[in-house]
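The next block is upload03.csv, given as CSV, C-alpha atoms.
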```
chain,number,residue,atom,x,y,z
A,1,MET,CA,-88.3,244.6,29.2
A,2,SER,CA,-88.6,246.3,25.8
A,3,ASN,CA,-86.8,244.9,22.8
A,4,ALA,CA,-86.9,248.4,21.3
A,5,PRO,CA,-88.7,247.6,18.0
A,6,ASN,CA,-88.5,251.3,17.1
A,7,VAL,CA,-84.7,251.6,17.5
A,8,ASN,CA,-82.7,251.7,14.3
A,9,LEU,CA,-80.4,248.7,14.7
A,10,PRO,CA,-76.9,248.9,13.2
A,11,ALA,CA,-76.6,247.1,9.9
A,12,HIS,CA,-72.9,246.2,10.4
A,13,PRO,CA,-70.6,245.6,13.4
A,14,LEU,CA,-69.5,248.8,15.0
A,15,PRO,CA,-65.9,250.0,15.1
A,16,PRO,CA,-64.0,249.0,18.2
A,17,GLY,CA,-64.9,251.1,21.2
A,18,GLN,CA,-68.3,252.1,20.0
A,19,THR,CA,-71.8,251.2,21.4
A,20,ALA,CA,-75.4,251.3,20.1
A,21,ARG,CA,-78.4,251.1,22.5
A,22,VAL,CA,-80.7,248.5,21.0
A,23,GLY,CA,-83.1,247.5,23.8
A,24,GLY,CA,-84.1,247.3,27.4
A,25,ASP,CA,-84.2,250.6,29.3
A,26,LEU,CA,-83.4,253.2,26.6
A,27,THR,CA,-83.0,255.9,29.2
A,28,ALA,CA,-80.5,254.1,31.4
A,29,GLU,CA,-77.1,255.9,31.6
A,30,ALA,CA,-73.6,255.1,32.7
A,31,THR,CA,-72.1,258.4,33.6
A,32,TYR,CA,-68.3,259.0,33.9
A,33,VAL,CA,-67.3,261.3,36.7
A,34,LYS,CA,-63.8,261.7,38.1
A,35,GLY,CA,-62.6,258.4,36.9
A,36,ASP,CA,-65.6,256.4,38.0
A,37,TYR,CA,-68.6,255.0,36.0
A,38,ARG,CA,-71.9,255.3,37.9
A,39,SER,CA,-75.4,254.0,37.2
A,40,GLY,CA,-77.9,254.4,40.1
A,41,PRO,CA,-76.4,252.8,43.2
A,42,SER,CA,-73.7,250.9,41.1
A,43,ARG,CA,-70.3,252.2,40.4
A,44,ILE,CA,-67.0,251.1,38.8
A,45,ASP,CA,-63.9,252.7,40.3
A,46,THR,CA,-61.2,250.6,38.6
A,47,PRO,CA,-60.0,251.6,35.1
A,48,LEU,CA,-61.1,249.7,32.0
A,49,PRO,CA,-58.6,248.6,29.3
A,50,GLU,CA,-57.7,251.3,26.9
A,51,GLY,CA,-60.2,251.7,24.1
A,52,TYR,CA,-62.9,249.7,25.8
A,53,PRO,CA,-66.5,250.9,25.3
A,54,PRO,CA,-68.3,252.1,28.4
A,55,PRO,CA,-70.1,249.6,30.5
A,56,THR,CA,-73.8,248.8,29.7
A,57,PRO,CA,-75.9,250.2,32.5
A,58,PRO,CA,-78.2,247.8,34.4
A,59,GLY,CA,-81.4,247.3,32.5
A,60,ALA,CA,-80.1,248.3,29.1
A,61,ILE,CA,-79.2,246.2,26.1
A,62,ASP,CA,-76.4,247.3,23.8
A,63,ILE,CA,-74.5,246.1,20.7
A,64,LYS,CA,-70.8,247.0,21.0
A,65,THR,CA,-67.4,246.1,19.7
A,66,TYR,CA,-64.3,245.5,21.8
A,67,PRO,CA,-60.8,246.2,20.6
A,68,LEU,CA,-57.9,243.8,20.9
A,69,VAL,CA,-57.0,243.2,24.6
A,70,ARG,CA,-54.2,241.3,26.3
A,71,MET,CA,-55.4,239.0,29.1
A,72,ALA,CA,-54.1,236.6,31.7
A,73,GLU,CA,-56.5,233.6,31.7
A,74,VAL,CA,-57.1,230.5,33.9
A,75,SER,CA,-59.3,227.7,32.6
A,76,GLY,CA,-61.4,225.4,34.8
A,77,LYS,CA,-64.1,222.7,35.0
A,78,GLY,CA,-67.1,222.2,37.3
A,79,SER,CA,-69.3,224.8,39.0
A,80,PRO,CA,-68.5,228.3,37.8
A,81,ASP,CA,-69.8,229.8,41.1
A,82,SER,CA,-67.1,228.0,43.1
A,83,GLY,CA,-64.6,228.3,40.3
A,84,MET,CA,-64.7,232.1,40.5
A,85,ASN,CA,-63.0,231.9,43.9
A,86,ARG,CA,-60.5,229.3,42.8
A,87,ALA,CA,-59.4,231.2,39.7
A,88,PHE,CA,-59.3,234.7,41.2
A,89,TRP,CA,-56.2,234.3,43.4
A,90,PRO,CA,-53.8,232.8,40.9
A,91,LEU,CA,-54.7,235.6,38.5
A,92,PHE,CA,-54.3,238.2,41.3
A,93,ASN,CA,-50.9,236.8,42.2
A,94,HIS,CA,-49.9,236.9,38.6
A,95,ILE,CA,-50.5,240.6,38.1
A,96,LYS,CA,-49.1,241.4,41.5
A,97,SER,CA,-45.8,239.5,40.7
A,98,HIS,CA,-45.4,241.5,37.5
A,99,GLY,CA,-46.4,244.9,39.0
A,100,ILE,CA,-49.5,245.1,36.8
A,101,ALA,CA,-52.3,247.3,38.1
A,102,MET,CA,-55.8,245.8,38.5
A,103,THR,CA,-58.3,246.7,35.8
A,104,SER,CA,-62.0,246.2,35.5
A,105,PRO,CA,-63.8,244.0,34.4
A,106,VAL,CA,-62.9,240.4,35.3
A,107,GLU,CA,-64.1,238.3,32.5
A,108,MET,CA,-65.6,234.8,32.5
A,109,ASN,CA,-66.2,232.7,29.4
A,110,PHE,CA,-68.4,229.6,29.1
A,111,ASP,CA,-67.9,227.0,26.4
A,112,ASP,CA,-71.0,224.9,26.9
A,113,LEU,CA,-73.9,226.9,28.2
A,114,ASP,CA,-76.0,226.1,25.1
A,115,GLU,CA,-75.8,222.4,25.9
A,116,ARG,CA,-76.5,222.4,29.7
A,117,PRO,CA,-78.1,224.5,32.4
A,118,ALA,CA,-75.9,227.4,33.4
A,119,LYS,CA,-75.3,226.3,36.9
A,120,SER,CA,-73.8,223.0,35.7
A,121,SER,CA,-71.4,224.5,33.0
A,122,GLU,CA,-68.4,222.2,32.9
A,123,GLN,CA,-66.0,224.3,30.8
A,124,TRP,CA,-65.2,227.9,31.8
A,125,SER,CA,-62.3,230.4,32.0
A,126,MET,CA,-61.6,233.5,34.0
A,127,ALA,CA,-59.4,236.4,32.8
A,128,PHE,CA,-57.8,239.5,34.1
A,129,LEU,CA,-57.4,242.1,31.4
A,130,TYR,CA,-54.3,244.3,30.9
A,131,ARG,CA,-54.9,248.0,30.6
A,132,THR,CA,-52.5,248.1,27.5
A,133,PRO,CA,-51.0,245.2,25.6
A,134,ASP,CA,-47.4,246.3,26.3
A,135,MET,CA,-47.7,245.6,30.0
A,136,HIS,CA,-46.5,242.0,29.8
A,137,THR,CA,-45.5,239.4,27.1
A,138,THR,CA,-47.8,236.6,25.9
A,139,GLY,CA,-47.0,233.0,26.9
A,140,VAL,CA,-47.7,230.4,29.6
A,141,GLU,CA,-46.8,230.8,33.2
A,142,GLY,CA,-47.9,227.7,35.2
A,143,ASP,CA,-51.7,227.7,35.1
A,144,ILE,CA,-51.8,231.2,33.6
A,145,THR,CA,-52.0,231.8,29.8
A,146,VAL,CA,-51.3,235.3,28.7
A,147,ARG,CA,-52.7,236.0,25.2
A,148,ASP,CA,-54.2,238.6,22.9
A,149,ALA,CA,-58.0,238.4,22.3
A,150,GLN,CA,-59.0,239.8,19.0
A,151,PRO,CA,-61.8,242.5,18.4
A,152,ILE,CA,-65.3,241.1,18.9
A,153,THR,CA,-68.8,242.4,18.6
A,154,VAL,CA,-71.3,241.4,21.3
A,155,LEU,CA,-74.9,241.8,22.4
A,156,ALA,CA,-74.7,242.9,26.0
A,157,VAL,CA,-77.2,243.3,28.8
A,158,GLY,CA,-76.4,245.3,31.9
A,159,LEU,CA,-77.3,243.7,35.2
A,160,ARG,CA,-77.1,244.5,38.9
A,161,GLY,CA,-76.9,241.9,41.7
A,162,ASP,CA,-74.8,239.1,43.2
A,163,TYR,CA,-72.2,237.5,41.0
A,164,SER,CA,-73.6,234.0,40.4
A,165,MET,CA,-74.9,231.8,37.6
A,166,SER,CA,-78.4,232.8,38.6
A,167,LEU,CA,-77.5,236.3,37.4
A,168,VAL,CA,-76.0,234.9,34.2
A,169,GLU,CA,-79.2,232.9,33.5
A,170,ARG,CA,-81.2,236.1,33.9
A,171,GLY,CA,-79.1,237.9,31.4
A,172,MET,CA,-79.1,235.0,29.0
A,173,ARG,CA,-82.9,235.0,28.9
A,174,GLN,CA,-83.0,238.7,28.1
A,175,ILE,CA,-80.5,238.3,25.2
A,176,GLU,CA,-82.3,235.3,23.8
A,177,ASP,CA,-85.6,237.2,23.9
A,178,TRP,CA,-83.9,240.1,22.1
A,179,LEU,CA,-82.5,237.9,19.4
A,180,ALA,CA,-85.9,236.2,18.9
A,181,ALA,CA,-87.4,239.7,18.4
A,182,ASN,CA,-84.6,241.0,16.1
A,183,PRO,CA,-83.7,238.4,13.5
A,184,THR,CA,-81.4,240.6,11.6
A,185,TRP,CA,-78.7,239.8,14.2
A,186,VAL,CA,-77.7,236.2,15.2
A,187,ALA,CA,-75.5,234.6,17.8
A,188,ASP,CA,-71.8,234.0,16.7
A,189,GLY,CA,-70.0,232.6,19.6
A,190,SER,CA,-70.1,231.5,23.3
A,191,TRP,CA,-71.5,233.2,26.3
A,192,ARG,CA,-69.4,235.4,28.5
A,193,THR,CA,-69.8,237.7,31.5
A,194,LEU,CA,-68.0,240.8,32.7
A,195,TYR,CA,-67.8,241.5,36.4
A,196,TYR,CA,-66.9,245.0,37.3
A,197,ASN,CA,-66.7,245.1,41.1
A,198,GLY,CA,-64.7,243.5,43.9
A,199,PRO,CA,-65.9,242.4,47.3
A,200,SER,CA,-66.0,245.9,48.8
A,201,LEU,CA,-69.3,246.7,47.1
A,202,LEU,CA,-72.6,245.5,48.5
A,203,PHE,CA,-73.5,242.4,46.5
A,204,TRP,CA,-77.0,243.8,45.5
A,205,ASN,CA,-75.3,246.8,43.9
A,206,LYS,CA,-72.7,245.0,42.0
A,207,TRP,CA,-72.5,245.8,38.2
A,208,ALA,CA,-72.2,243.0,35.6
A,209,GLU,CA,-72.9,242.3,32.0
A,210,VAL,CA,-73.9,239.1,30.2
A,211,GLN,CA,-72.8,239.1,26.6
A,212,LEU,CA,-73.0,236.9,23.5
A,213,PRO,CA,-70.9,237.4,20.4
A,214,VAL,CA,-73.2,238.4,17.5
A,215,ARG,CA,-73.1,239.2,13.8
A,216,PRO,CA,-75.6,240.5,11.2
A,217,VAL,CA,-77.6,237.6,9.7
A,218,ASP,CA,-76.2,238.1,6.2
A,219,ALA,CA,-72.5,238.3,7.4
A,220,LYS,CA,-70.2,235.3,7.3
A,221,PRO,CA,-70.0,233.4,10.6
A,222,ALA,CA,-66.8,233.2,12.5
A,223,THR,CA,-64.6,230.4,11.0
A,224,SER,CA,-63.8,229.3,14.5
A,225,ALA,CA,-64.8,230.1,18.1
A,226,PRO,CA,-64.1,233.9,18.6
A,227,ASP,CA,-61.1,234.8,20.8
A,228,ARG,CA,-62.4,235.6,24.2
A,229,MET,CA,-62.3,239.1,25.6
```
So that I can check it, write out the structure of this file as structure tokens.
Amino acid sequence: MSNAPNVNLPAHPLPPGQTARVGGDLTAEATYVKGDYRSGPSRIDTPLPEGYPPPTPPGAIDIKTYPLVRMAEVSGKGSPDSGMNRAFWPLFNHIKSHGIAMTSPVEMNFDDLDERPAKSSEQWSMAFLYRTPDMHTTGVEGDITVRDAQPITVLAVGLRGDYSMSLVERGMRQIEDWLAANPTWVADGSWRTLYYNGPSLLFWNKWAEVQLPVRPVDAKPATSAPDRM
């Protein structure tokens, strides 16, 4: 996979909603047709939160910035692969009880992937994202925390395949290789994934992203762990 040495990298974080292709397959596209994003056999037919940048197509590497988003979040411990199923239904019941429409993606955050193998991550969270912040108030409802995540700049790799920590590890390696080849940008937070599809799509065509918060090397690091998106 190319790290795009001839690409002009952005010198500063992009404004919210904007994307710059910086590596991988420079010709990969995510087309938007009649409310759906499509890239090869993969598609996204559920709306993204307002102001979100387009999904990174499988095979591509982007730098992009996300706007503030309101999310409903569940935290967990243990295997993320089994935790995805445990966390999904409380979140689904939360939005259903409040009449909130499903959006894409579902987000997972991992607090300790730099210290342990991905498959054994002990601290993780899953979040459903509101299309607009005014859809529900912030606060705690049982195991669900509703909060606002602040704008964040990430390095993202688009992936296609079954939603598992094996897929996450594949994306992590690509991002680590890109950062090693492009020292003007550095990591600035914890790993996260975006899962765009539900169970109706064939698992080998599912669309995902692995992301890492980043900053220019000469910019101040985050004073604390970045709010999750």
Within 6 Å of Val157 in chain A, counting all atoms listed in the file, which residues qualify if same-chain residues fewer than 6 places away don't, as a PDB file with C-alpha atoms, keeping the file's coordinate frame?
```
ATOM      1  CA  ALA A  60     -80.100 248.300  29.100  1.00  0.00           C
ATOM      2  CA  ILE A  61     -79.200 246.200  26.100  1.00  0.00           C
ATOM      3  CA  GLU A 209     -72.900 242.300  32.000  1.00  0.00           C
ATOM      4  CA  VAL A 210     -73.900 239.100  30.200  1.00  0.00           C
TER       5      VAL A 210
END
```
Mind dumping a table of every range 45-111 of chain A residue within 8 Å of range 7-17 of chain A, with the nearest atom pair and its distance in Å to one decimal, using all atoms listed in the file, sorted by chain and rising number, as JSON lines?
```
{"residue": "A:Gly51", "atom": "CA", "partner": "A:Gly17", "partner_atom": "CA", "distance": 5.6}
{"residue": "A:Tyr52", "atom": "CA", "partner": "A:Gly17", "partner_atom": "CA", "distance": 5.2}
{"residue": "A:Pro53", "atom": "CA", "partner": "A:Gly17", "partner_atom": "CA", "distance": 4.4}
{"residue": "A:Lys64", "atom": "CA", "partner": "A:Leu14", "partner_atom": "CA", "distance": 6.4}
{"residue": "A:Thr65", "atom": "CA", "partner": "A:Pro16", "partner_atom": "CA", "distance": 4.7}
{"residue": "A:Tyr66", "atom": "CA", "partner": "A:Pro16", "partner_atom": "CA", "distance": 5.0}
{"residue": "A:Pro67", "atom": "CA", "partner": "A:Pro16", "partner_atom": "CA", "distance": 4.9}
```
_Taking only C-alpha atoms into account, name the residue in A:Gly23, A:Val214, A:Phe203, A:Thr193 that is nearest to Asp177 in chain A._
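Closest candidate: A:Gly23.
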*asked:* From the options A:Met108, A:Leu26, A:Ala87, A:Leu129, which residue's atoms come nearest to Ala72 in chain A, counting only C-alpha atoms?
replied: A:Leu129
*Which of these, A:Asn182, A:Pro58, A:Arg147, A:Glu141, has the shortest distance to Ser97 in chain A once you count only C-alpha atoms?*
A:Glu141
_Using all atoms listed in the file: which of A:Arg192, A:Ala187, A:Asn93, A:Tyr32 has the shortest distance to Asp112 in chain A_ = A:Arg192
